[in-house]
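A.B. asks: Below is the file protein_15.txt, which contains compact mmCIF, C-alpha atoms and all ligand atoms.
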# COMPACT_ATOMS: atom_id res chain seq x y z
CA MET Q 1 91.49 104.30 105.45
CA GLY Q 2 94.00 106.14 107.57
CA ASP Q 3 94.26 109.73 106.47
CA SER Q 4 93.13 109.25 102.83
CA ASP Q 5 89.81 111.06 103.20
CA GLN Q 6 91.55 113.86 105.06
CA ILE Q 7 93.80 114.30 101.96
CA THR Q 8 90.88 114.00 99.50
CA PHE Q 9 89.03 116.82 101.20
CA THR Q 10 91.98 119.07 102.01
CA GLU Q 11 93.76 119.39 98.67
CA GLY Q 12 91.21 121.98 97.60
CA ASN Q 13 89.98 120.51 94.30
CA LEU Q 14 86.95 118.74 95.75
CA LYS Q 15 84.31 121.29 96.72
CA GLY Q 16 80.60 121.69 96.14
CA SER Q 17 77.26 122.55 97.60
CA LYS Q 18 75.96 119.11 98.64
CA LEU Q 19 77.30 115.70 99.68
CA ILE Q 20 75.28 112.54 100.35
CA GLU Q 21 76.63 109.71 102.50
CA VAL Q 22 75.05 106.33 101.82
CA GLY Q 23 75.10 103.66 104.55
CA CYS Q 24 76.64 105.88 107.25
CA GLY Q 25 75.82 103.48 110.11
CA PRO Q 26 75.75 105.23 113.50
CA THR Q 27 78.94 107.14 112.59
CA ILE Q 28 80.01 110.58 111.36
CA TYR Q 29 83.80 110.03 111.18
CA SER Q 30 83.92 110.00 107.37
CA LEU Q 31 82.37 113.50 107.21
CA ILE Q 32 84.81 115.34 109.45
CA SER Q 33 87.19 116.45 106.68
CA ALA Q 34 84.41 116.74 104.10
CA SER Q 35 82.60 119.26 106.33
CA LYS Q 36 84.79 122.12 105.17
CA CYS Q 37 84.19 121.44 101.44
CA PHE Q 38 80.38 121.30 101.32
CA GLU Q 39 77.52 123.57 102.40
CA GLU Q 40 75.07 120.74 103.05
CA ILE Q 41 75.40 117.07 103.97
CA VAL Q 42 72.68 114.41 103.83
CA VAL Q 43 73.36 111.16 105.65
CA SER Q 44 71.44 107.93 105.19
CA ASP Q 45 71.22 104.34 106.34
CA PHE Q 46 68.88 101.37 106.05
CA THR Q 47 68.73 100.72 109.79
CA ASP Q 48 66.40 102.76 112.03
CA SER Q 49 68.64 102.40 115.10
CA ASN Q 50 71.67 103.75 113.21
CA ARG Q 51 69.73 106.79 112.00
CA ARG Q 52 68.44 107.37 115.56
CA GLU Q 53 72.04 107.39 116.88
CA ILE Q 54 72.96 110.09 114.35
CA GLU Q 55 69.88 112.14 115.25
CA LYS Q 56 70.76 111.84 118.95
CA TRP Q 57 74.24 113.19 118.21
CA LEU Q 58 72.92 115.97 115.96
CA SER Q 59 70.68 117.28 118.73
CA ASN Q 60 73.38 116.62 121.35
CA GLN Q 61 71.03 114.46 123.42
CA GLU Q 62 72.15 112.99 126.71
CA GLY Q 63 74.01 109.69 126.20
CA CYS Q 64 74.87 110.35 122.54
CA PHE Q 65 78.26 109.13 121.35
CA ASP Q 66 81.08 111.61 121.92
CA TRP Q 67 82.77 112.15 118.54
CA LEU Q 68 84.93 115.02 119.81
CA PRO Q 69 88.12 112.93 120.38
CA THR Q 70 87.83 111.57 116.80
CA ILE Q 71 87.23 115.08 115.45
CA GLN Q 72 90.24 116.28 117.41
CA TYR Q 73 92.41 113.53 115.87
CA VAL Q 74 91.31 114.51 112.34
CA CYS Q 75 91.94 118.21 113.10
CA GLU Q 76 95.50 117.28 114.08
CA LEU Q 77 95.94 115.42 110.75
CA GLU Q 78 94.65 118.53 108.98
CA GLY Q 79 97.35 120.64 110.64
CA ARG Q 80 95.10 122.22 113.28
CA SER Q 81 93.59 124.75 110.84
CA ARG Q 82 90.21 124.34 112.59
CA SER Q 83 89.38 123.72 116.24
CA PRO Q 84 87.53 120.45 117.07
CA GLU Q 85 84.66 122.40 118.67
CA GLU Q 86 84.29 124.54 115.54
CA VAL Q 87 84.20 121.38 113.34
CA GLU Q 88 81.64 119.73 115.64
CA ARG Q 89 79.42 122.84 115.46
CA ARG Q 90 79.76 123.04 111.68
CA LEU Q 91 78.89 119.35 111.21
CA ARG Q 92 75.76 119.75 113.35
CA GLN Q 93 74.82 122.81 111.34
CA ILE Q 94 75.30 121.43 107.81
CA MET Q 95 74.02 117.86 108.33
CA LYS Q 96 70.52 118.82 107.26
CA GLN Q 97 68.85 115.43 106.78
CA VAL Q 98 69.08 111.88 108.12
CA LEU Q 99 67.23 109.68 105.61
CA ARG Q 100 66.33 106.05 105.18
CA CYS Q 101 67.99 104.48 102.16
CA ASP Q 102 68.18 101.03 100.65
CA VAL Q 103 71.02 100.60 98.16
CA ARG Q 104 69.29 97.52 96.71
CA GLN Q 105 66.57 99.77 95.24
CA GLU Q 106 67.05 101.40 91.84
CA ASN Q 107 66.41 104.72 93.61
CA PRO Q 108 67.97 104.17 97.06
CA PHE Q 109 65.83 106.98 98.52
CA HIS Q 110 62.47 105.79 97.14
CA PRO Q 111 59.86 107.31 97.46
CA LEU Q 112 61.98 110.51 97.65
CA THR Q 113 63.70 111.80 94.52
CA MET Q 114 67.04 113.46 95.20
CA GLU Q 115 68.43 116.22 93.00
CA PRO Q 116 71.88 115.09 91.74
CA VAL Q 117 74.69 116.23 94.03
CA ASP Q 118 78.40 117.06 93.82
CA CYS Q 119 79.72 114.19 95.91
CA VAL Q 120 78.54 110.80 97.17
CA LEU Q 121 80.46 109.01 99.88
CA SER Q 122 79.99 105.44 101.04
CA SER Q 123 82.10 103.48 103.47
CA LEU Q 124 81.90 99.72 104.06
CA CYS Q 125 78.23 99.64 103.12
CA LEU Q 126 77.92 97.85 99.79
CA THR Q 127 79.68 94.59 100.68
CA ALA Q 128 77.45 94.47 103.76
CA ALA Q 129 74.24 95.24 101.85
CA CYS Q 130 74.66 93.20 98.65
CA LYS Q 131 74.23 89.44 98.46
CA ASP Q 132 75.93 88.98 95.06
CA MET Q 133 77.98 90.86 92.47
CA GLU Q 134 75.00 91.76 90.31
CA THR Q 135 73.30 93.41 93.31
CA TYR Q 136 76.58 95.28 94.04
CA ARG Q 137 76.75 96.48 90.42
CA LEU Q 138 73.11 97.66 90.51
CA ALA Q 139 73.75 99.39 93.86
CA LEU Q 140 76.68 101.27 92.32
CA ARG Q 141 74.44 102.25 89.39
CA GLY Q 142 71.85 103.64 91.83
CA ILE Q 143 74.57 105.57 93.66
CA ALA Q 144 75.99 106.88 90.35
CA ALA Q 145 72.56 108.29 89.49
CA LEU Q 146 72.70 110.46 92.64
CA LEU Q 147 75.71 112.34 91.21
CA LYS Q 148 75.80 115.27 88.82
CA PRO Q 149 78.00 114.78 85.72
CA GLY Q 150 81.48 115.71 86.93
CA GLY Q 151 80.53 114.74 90.49
CA THR Q 152 82.81 112.70 92.72
CA LEU Q 153 82.33 109.29 94.28
CA VAL Q 154 84.38 108.48 97.39
CA LEU Q 155 84.07 104.78 98.11
CA THR Q 156 85.63 102.59 100.78
CA ASP Q 157 84.95 98.88 101.05
CA ALA Q 158 86.40 95.47 101.86
CA LEU Q 159 88.16 93.24 99.31
CA ASN Q 160 87.88 89.45 99.30
CA SER Q 161 85.90 89.50 102.51
CA SER Q 162 83.41 87.05 104.00
CA PHE Q 163 82.10 88.30 107.36
CA TYR Q 164 82.36 90.86 110.16
CA PHE Q 165 81.06 91.06 113.71
CA VAL Q 166 79.35 93.90 115.56
CA GLY Q 167 79.41 92.78 119.18
CA GLN Q 168 78.13 89.20 119.14
CA SER Q 169 76.25 89.58 115.84
CA ARG Q 170 77.83 88.14 112.71
CA PHE Q 171 77.14 89.82 109.36
CA SER Q 172 78.07 88.50 105.93
CA SER Q 173 80.26 90.54 103.62
CA LEU Q 174 80.36 90.06 99.85
CA ASP Q 175 83.60 88.75 98.33
CA ILE Q 176 84.60 91.27 95.62
CA SER Q 177 87.94 91.95 93.92
CA GLN Q 178 89.69 95.19 93.00
CA SER Q 179 89.35 94.45 89.26
CA PHE Q 180 85.58 93.90 89.65
CA ILE Q 181 85.09 97.26 91.36
CA GLU Q 182 87.27 99.18 88.90
CA GLU Q 183 85.69 97.56 85.79
CA THR Q 184 82.17 98.14 87.13
CA LEU Q 185 82.88 101.82 87.78
CA ARG Q 186 84.41 102.32 84.30
CA ASP Q 187 81.35 100.63 82.72
CA LEU Q 188 79.16 103.06 84.66
CA GLY Q 189 81.04 106.02 83.16
CA PHE Q 190 83.45 106.85 85.97
CA SER Q 191 87.06 107.86 85.59
CA ILE Q 192 89.04 106.48 88.50
CA GLN Q 193 91.30 109.08 90.04
CA GLN Q 194 92.74 107.36 93.08
CA VAL Q 195 92.81 103.86 94.57
CA ASN Q 196 94.58 103.06 97.83
CA ILE Q 197 94.74 99.48 99.05
CA LEU Q 198 95.30 98.70 102.71
CA ALA Q 199 96.12 95.02 103.20
CA THR Q 200 94.94 93.54 106.48
CA ARG Q 201 97.62 92.33 108.84
CA LYS Q 202 98.09 89.08 110.69
CA GLY Q 203 96.05 89.27 113.88
CA ASP Q 204 93.59 91.92 112.59
CA MET Q 205 90.90 89.28 112.12
CA GLU Q 206 91.08 88.14 115.75
CA THR Q 207 91.36 91.66 117.14
CA PHE Q 208 88.65 93.34 115.06
CA LYS Q 209 86.53 90.25 114.33
CA PHE Q 210 86.21 90.43 110.56
CA HIS Q 211 87.53 88.57 107.56
CA ALA Q 212 88.81 90.60 104.61
CA GLU Q 213 92.10 90.45 102.69
CA ALA Q 214 92.23 94.21 102.27
CA PHE Q 215 90.27 97.46 102.21
CA PHE Q 216 90.20 99.92 99.34
CA TYR Q 217 89.74 103.68 99.29
CA LEU Q 218 88.71 104.95 95.88
CA VAL Q 219 87.95 108.36 94.37
CA ALA Q 220 86.23 108.46 90.97
CA GLN Q 221 84.65 111.15 88.82
CA LYS Q 222 81.38 110.68 86.95
CA THR Q 223 82.15 111.57 83.35
CA LYS Q 224 78.70 111.04 81.77
C1 LIG A 1 79.81 97.80 108.16
S1 LIG A 1 78.57 99.02 108.42
C2 LIG A 1 79.44 100.49 107.91
C3 LIG A 1 78.93 101.71 108.63
C4 LIG A 1 79.75 102.99 108.42
N1 LIG A 1 79.63 103.48 107.07
C5 LIG A 1 81.19 102.81 108.78
O1 LIG A 1 82.06 103.06 107.93
O2 LIG A 1 81.48 102.42 109.92
C6 LIG A 1 77.44 98.69 107.10
C7 LIG A 1 76.27 99.65 107.04
O3 LIG A 1 75.48 99.37 105.87
C8 LIG A 1 74.12 99.55 106.23
N2 LIG A 1 73.29 98.81 105.28
C9 LIG A 1 73.08 97.46 105.24
N3 LIG A 1 72.22 97.17 104.25
C10 LIG A 1 71.90 98.35 103.65
C11 LIG A 1 71.07 98.70 102.55
N4 LIG A 1 70.38 97.77 101.87
N5 LIG A 1 70.99 100.01 102.20
C12 LIG A 1 71.68 100.95 102.87
N6 LIG A 1 72.48 100.68 103.92
C13 LIG A 1 72.59 99.40 104.30
C14 LIG A 1 74.04 99.01 107.64
O4 LIG A 1 72.88 99.45 108.31
C15 LIG A 1 75.34 99.53 108.24
O5 LIG A 1 75.14 100.80 108.80
Hey, can you dump this file as structure tokens for me?
Ligand SMILES: C[S@@+](CC[C@H](N)C(=O)[O-])C[C@H]1O[C@@H](n2cnc3c(N)ncnc32)[C@H](O)[C@@H]1O

C.D. replies:
Amino acid sequence: MGDSDQITFTEGNLKGSKLIEVGCGPTIYSLISASKCFEEIVVSDFTDSNRREIEKWLSNQEGCFDWLPTIQYVCELEGRSRSPEEVERRLRQIMKQVLRCDVRQENPFHPLTMEPVDCVLSSLCLTAACKDMETYRLALRGIAALLKPGGTLVLTDALNSSFYFVGQSRFSSLDISQSFIEETLRDLGFSIQQVNILATRKGDMETFKFHAEAFFYLVAQKTK
């Protein structure tokens, strides 16, 4: 969502020892700004091939994706307080675990039990993983249980969506509304601190091969 996560993690009030990302895919872009606020990051995804891509990048294996230009872009947004190489090194150092997770399970990390953490981040995962609104609600409950009281949820997802493509493969995406997501989070004991909505533009669907009316970027604090 543009530079929203850069702002979330640079204003100085969101800090802690550990962050978990749920449904990271083969990507690390959402952790670039977060890397300066946490001592340890755990990333997770359902798909073996996505986790392998992350592991390849962590050990800097030949042929791994080059995230340096993306890191460089984020460093520029942050005002060049850190060099891209320094951020890359720090990410590789603090990303301690790459775990399998399934957000449809009550404990997404079953059979592992995670100690509650300071921050959970999830981007574009739940509409992809959940077949209906009840499954989405239960997935959010499972994610909420990963947080300490007072911990922060940073959630990005699609609104009123139906599908997206990765290459030639079509994936379904659950149609949820902004009011559904906000009500569900309040029922789960979150106080919503920030919601940004980015409406999709004419032509986006053809260019990026997805259908969604908008994307949201939300920051919420677990109050109980
Ligand atoms: C649209 S991708 C988003 C990936 C990445 N977070 C990003 O922002 O680009 C959806 C991700 O959700 C993951 N996923 C699908 N079902 C899942 C499940 N049941 N539990 C956890 N992750 C799941 C997929 O493997 C994929 O990596």

A.B. asks: List all protein, DNA and RNA residues that have an atom no more than 9 Å from any atom of ligand LIG 1 (chain A), counting all atoms listed in the file, and report them as a PyMOL selection string.

C.D. replies: chain Q and resi 21-30+44-51+100-105+108+122-130+139+156-157+164-166+171+173

A.B. asks: Please dump the current selection as a PDB file, in the frame of the given file; keep C-alpha atoms.

C.D. replies:
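As written to disk, result_28.pdb reads:
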ATOM      1  CA  GLU Q  21      76.630 109.710 102.500  1.00  0.00           C
ATOM      2  CA  VAL Q  22      75.050 106.330 101.820  1.00  0.00           C
ATOM      3  CA  GLY Q  23      75.100 103.660 104.550  1.00  0.00           C
ATOM      4  CA  CYS Q  24      76.640 105.880 107.250  1.00  0.00           C
ATOM      5  CA  GLY Q  25      75.820 103.480 110.110  1.00  0.00           C
ATOM      6  CA  PRO Q  26      75.750 105.230 113.500  1.00  0.00           C
ATOM      7  CA  THR Q  27      78.940 107.140 112.590  1.00  0.00           C
ATOM      8  CA  ILE Q  28      80.010 110.580 111.360  1.00  0.00           C
ATOM      9  CA  TYR Q  29      83.800 110.030 111.180  1.00  0.00           C
ATOM     10  CA  SER Q  30      83.920 110.000 107.370  1.00  0.00           C
ATOM     11  CA  SER Q  44      71.440 107.930 105.190  1.00  0.00           C
ATOM     12  CA  ASP Q  45      71.220 104.340 106.340  1.00  0.00           C
ATOM     13  CA  PHE Q  46      68.880 101.370 106.050  1.00  0.00           C
ATOM     14  CA  THR Q  47      68.730 100.720 109.790  1.00  0.00           C
ATOM     15  CA  ASP Q  48      66.400 102.760 112.030  1.00  0.00           C
ATOM     16  CA  SER Q  49      68.640 102.400 115.100  1.00  0.00           C
ATOM     17  CA  ASN Q  50      71.670 103.750 113.210  1.00  0.00           C
ATOM     18  CA  ARG Q  51      69.730 106.790 112.000  1.00  0.00           C
ATOM     19  CA  ARG Q 100      66.330 106.050 105.180  1.00  0.00           C
ATOM     20  CA  CYS Q 101      67.990 104.480 102.160  1.00  0.00           C
ATOM     21  CA  ASP Q 102      68.180 101.030 100.650  1.00  0.00           C
ATOM     22  CA  VAL Q 103      71.020 100.600  98.160  1.00  0.00           C
ATOM     23  CA  ARG Q 104      69.290  97.520  96.710  1.00  0.00           C
ATOM     24  CA  GLN Q 105      66.570  99.770  95.240  1.00  0.00           C
ATOM     25  CA  PRO Q 108      67.970 104.170  97.060  1.00  0.00           C
ATOM     26  CA  SER Q 122      79.990 105.440 101.040  1.00  0.00           C
ATOM     27  CA  SER Q 123      82.100 103.480 103.470  1.00  0.00           C
ATOM     28  CA  LEU Q 124      81.900  99.720 104.060  1.00  0.00           C
ATOM     29  CA  CYS Q 125      78.230  99.640 103.120  1.00  0.00           C
ATOM     30  CA  LEU Q 126      77.920  97.850  99.790  1.00  0.00           C
ATOM     31  CA  THR Q 127      79.680  94.590 100.680  1.00  0.00           C
ATOM     32  CA  ALA Q 128      77.450  94.470 103.760  1.00  0.00           C
ATOM     33  CA  ALA Q 129      74.240  95.240 101.850  1.00  0.00           C
ATOM     34  CA  CYS Q 130      74.660  93.200  98.650  1.00  0.00           C
ATOM     35  CA  ALA Q 139      73.750  99.390  93.860  1.00  0.00           C
ATOM     36  CA  THR Q 156      85.630 102.590 100.780  1.00  0.00           C
ATOM     37  CA  ASP Q 157      84.950  98.880 101.050  1.00  0.00           C
ATOM     38  CA  TYR Q 164      82.360  90.860 110.160  1.00  0.00           C
ATOM     39  CA  PHE Q 165      81.060  91.060 113.710  1.00  0.00           C
ATOM     40  CA  VAL Q 166      79.350  93.900 115.560  1.00  0.00           C
ATOM     41  CA  PHE Q 171      77.140  89.820 109.360  1.00  0.00           C
ATOM     42  CA  SER Q 173      80.260  90.540 103.620  1.00  0.00           C
TER      43      SER Q 173
END

A.B. asks: Skipping near chain neighbours, those fewer than 3 positions away, what residues fall within 9 Å of Ile20 (chain Q) using only C-alpha atoms, listed as a list in words?

C.D. replies: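 Near neighbours after the sequence-gap exclusion: Glu40, Ile41, Val42, Val43, Ser44, Val117, Asp118, Cys119, Val120, Leu121, Ser122 and Leu146 of chain Q.
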
A.B. asks: Suppose you want the space between CA of Met95 (chain Q) and CA of Arg52 (chain Q); what is it in Å?

C.D. replies: 13.9 Å

A.B. asks: Can you measure CA of Tyr136 (chain Q) to CA of Phe210 (chain Q) for me? One decimal in Å is fine.

C.D. replies: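 The value is 19.7 Å.
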
A.B. asks: Using only C-alpha atoms, which residues sit within 10 Å of Pro149 (chain Q) once same-chain residues fewer than 2 positions away are excluded, as a list in words?

C.D. replies: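 My list of contacting residues is Pro116, Val117, Asp118, Ala144, Ala145, Leu146, Leu147, Gly151, Thr152, Gly189, Phe190, Gln221, Lys222, Thr223 and Lys224 of chain Q.
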
A.B. asks: One decimal, Å: what's the distance from CA of Cys37 (chain Q) over to CA of Pro69 (chain Q), could you say?

C.D. replies: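 Here the two named atoms are 21.1 Å from each other.
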